Amino acid sequence: MVEQVDLNERMRAILVDWLIEVHDKFDLMQETLFLTINLIDRFLAKQNIVRKKLQLVGLVAMLLACKYEEVYVPAVSDLIHISDKAYTRKDVLDMEKLMLNALQYNMSLPTAYVFMRRFLKAAQADKKLERVAFFLVELSLVEYEMLKFPPSLVAAAAVYTAQCTVSGFKHWNKTCEWHTNYSEDQL
């Protein structure tokens with residue numbers, strides 16, 4: 001997003017926050033939310049977008065993520081409706097084509113969510129630890145500064161922080177280190 005002329009980090013944060021609400025409204029899987037944000041960030045790194053099209057980029061990224069992850073995909077008309085009819089069906093389809101071309105149809109990159117599932121298993125996480133870790137990693141979606149870290153590190157740091165928060169002490173053992181490939185010092 002460094003090269004964006006008409007956009008800034010705050011606008012991205014507002015978009016992500018809104019998309020989290022849309023995600024909840026449509027009752028979508030967590031994987032879909034993480035892939036949505038991943039698609040947005042990768043697209044914005046390659047393509048300049050004017051401010052008035054940012055919400056459209058978010059909607060189309062969610063549509064693409066749904067097509068990739070969900071069994072039932074929200075209708076384009078529902079996505080248009082949720083944006084207060086700011087865009088037309090043609091706008092959505094044109095942006096979908098632009099995004100897919102810019103991303104070279106590469107929809108499959110690991111997100112922090114993918115790593116979280118594995119790392120939580122390695123940590124033998126209970127439900128409370130899992131909820132705290134997912135809360136932390138979801139918070140990271142909104143923060144532009146978190147993009148400089150690999151998704152595996154974000155996920156490992158969320159699990160580690162959740163462990164410290166829930167248990168009250170550091171609990172990064174050799175199993176966690178082996179599965180994440182991160183030492184406690186790296187987190």
# chains A, B, ... in the order shown; residues from 1 in each chain; ligands from 1
>>> residues_around(residues="A:Lys127", least_positions_apart="5", cutoff="12 Å", atoms="only C-alpha atoms", output="count of residues only")
8
>>> closest_residue(among="A:Leu28, A:Val92, A:Leu153, A:Val50", to="A:Val73", atoms="only C-alpha atoms")
A:Leu28
>>> closest_residue(among="A:Trp172, A:Lys128, A:Leu44, A:Thr180", to="A:Leu7", atoms="only C-alpha atoms")
A:Leu44
>>> atom_distance(atom1="atom CA of A:Lys25", atom2="atom CA of A:Ile82")
9.7 Å
>>> select_by_dssp(residues="stretch 63-99 of chain A", states="helix (DSSP H, G or I)", output="VMD selection string")
chain A and resid 63 to 69 76 to 82 89 to 99
>>> write_last_selection(atoms="C-alpha atoms", output="PDB file, in the first residue's frame")
ATOM      1  CA  LEU A  63     -16.563 -12.403  -2.781  1.00  0.00           C
ATOM      2  CA  LEU A  64     -13.387 -14.046  -4.118  1.00  0.00           C
ATOM      3  CA  ALA A  65     -12.492 -15.427  -0.685  1.00  0.00           C
ATOM      4  CA  CYS A  66     -16.022 -16.828  -0.344  1.00  0.00           C
ATOM      5  CA  LYS A  67     -15.758 -18.516  -3.727  1.00  0.00           C
ATOM      6  CA  TYR A  68     -12.505 -20.089  -2.582  1.00  0.00           C
ATOM      7  CA  GLU A  69     -13.435 -21.061   1.000  1.00  0.00           C
ATOM      8  CA  VAL A  76     -23.491 -10.311  -5.659  1.00  0.00           C
ATOM      9  CA  SER A  77     -26.790  -8.482  -5.091  1.00  0.00           C
ATOM     10  CA  ASP A  78     -26.445  -9.041  -1.314  1.00  0.00           C
ATOM     11  CA  LEU A  79     -22.936  -7.593  -1.354  1.00  0.00           C
ATOM     12  CA  ILE A  80     -24.161  -4.597  -3.347  1.00  0.00           C
ATOM     13  CA  HIS A  81     -27.013  -4.135  -0.868  1.00  0.00           C
ATOM     14  CA  ILE A  82     -24.667  -4.239   2.128  1.00  0.00           C
ATOM     15  CA  ARG A  89     -23.161  -5.514 -10.592  1.00  0.00           C
ATOM     16  CA  LYS A  90     -20.923  -4.405 -13.477  1.00  0.00           C
ATOM     17  CA  ASP A  91     -18.633  -2.567 -11.015  1.00  0.00           C
ATOM     18  CA  VAL A  92     -18.283  -5.756  -8.971  1.00  0.00           C
ATOM     19  CA  LEU A  93     -17.596  -7.969 -11.988  1.00  0.00           C
ATOM     20  CA  ASP A  94     -15.111  -5.481 -13.488  1.00  0.00           C
ATOM     21  CA  MET A  95     -13.233  -5.214 -10.182  1.00  0.00           C
ATOM     22  CA  GLU A  96     -13.260  -8.999  -9.822  1.00  0.00           C
ATOM     23  CA  LYS A  97     -11.594  -9.310 -13.220  1.00  0.00           C
ATOM     24  CA  LEU A  98      -9.054  -6.579 -12.375  1.00  0.00           C
ATOM     25  CA  MET A  99      -8.186  -8.166  -9.023  1.00  0.00           C
TER      26      MET A  99
END
>>> residues_around(residues="A:Ala102", least_positions_apart="6", cutoff="12 Å", atoms="only C-alpha atoms", output="PyMOL selection string")
chain A and resi 39-48+95-96
>>> residues_around(residues="A:Phe115", least_positions_apart="3", cutoff="7 Å", atoms="only C-alpha atoms", output="PyMOL selection string")
chain A and resi 111-112+118-119+152+155
>>> residues_around(residues="A:Glu184", least_positions_apart="6", cutoff="12 Å", atoms="only C-alpha atoms", output="list in words")
Leu153, Ala156, Ala157, Val159, Tyr160, Thr161, Gln163, Cys164, Lys170, His171, Trp172, Asn173, Lys174, Thr175, Cys176, Glu177 and Trp178 of chain A
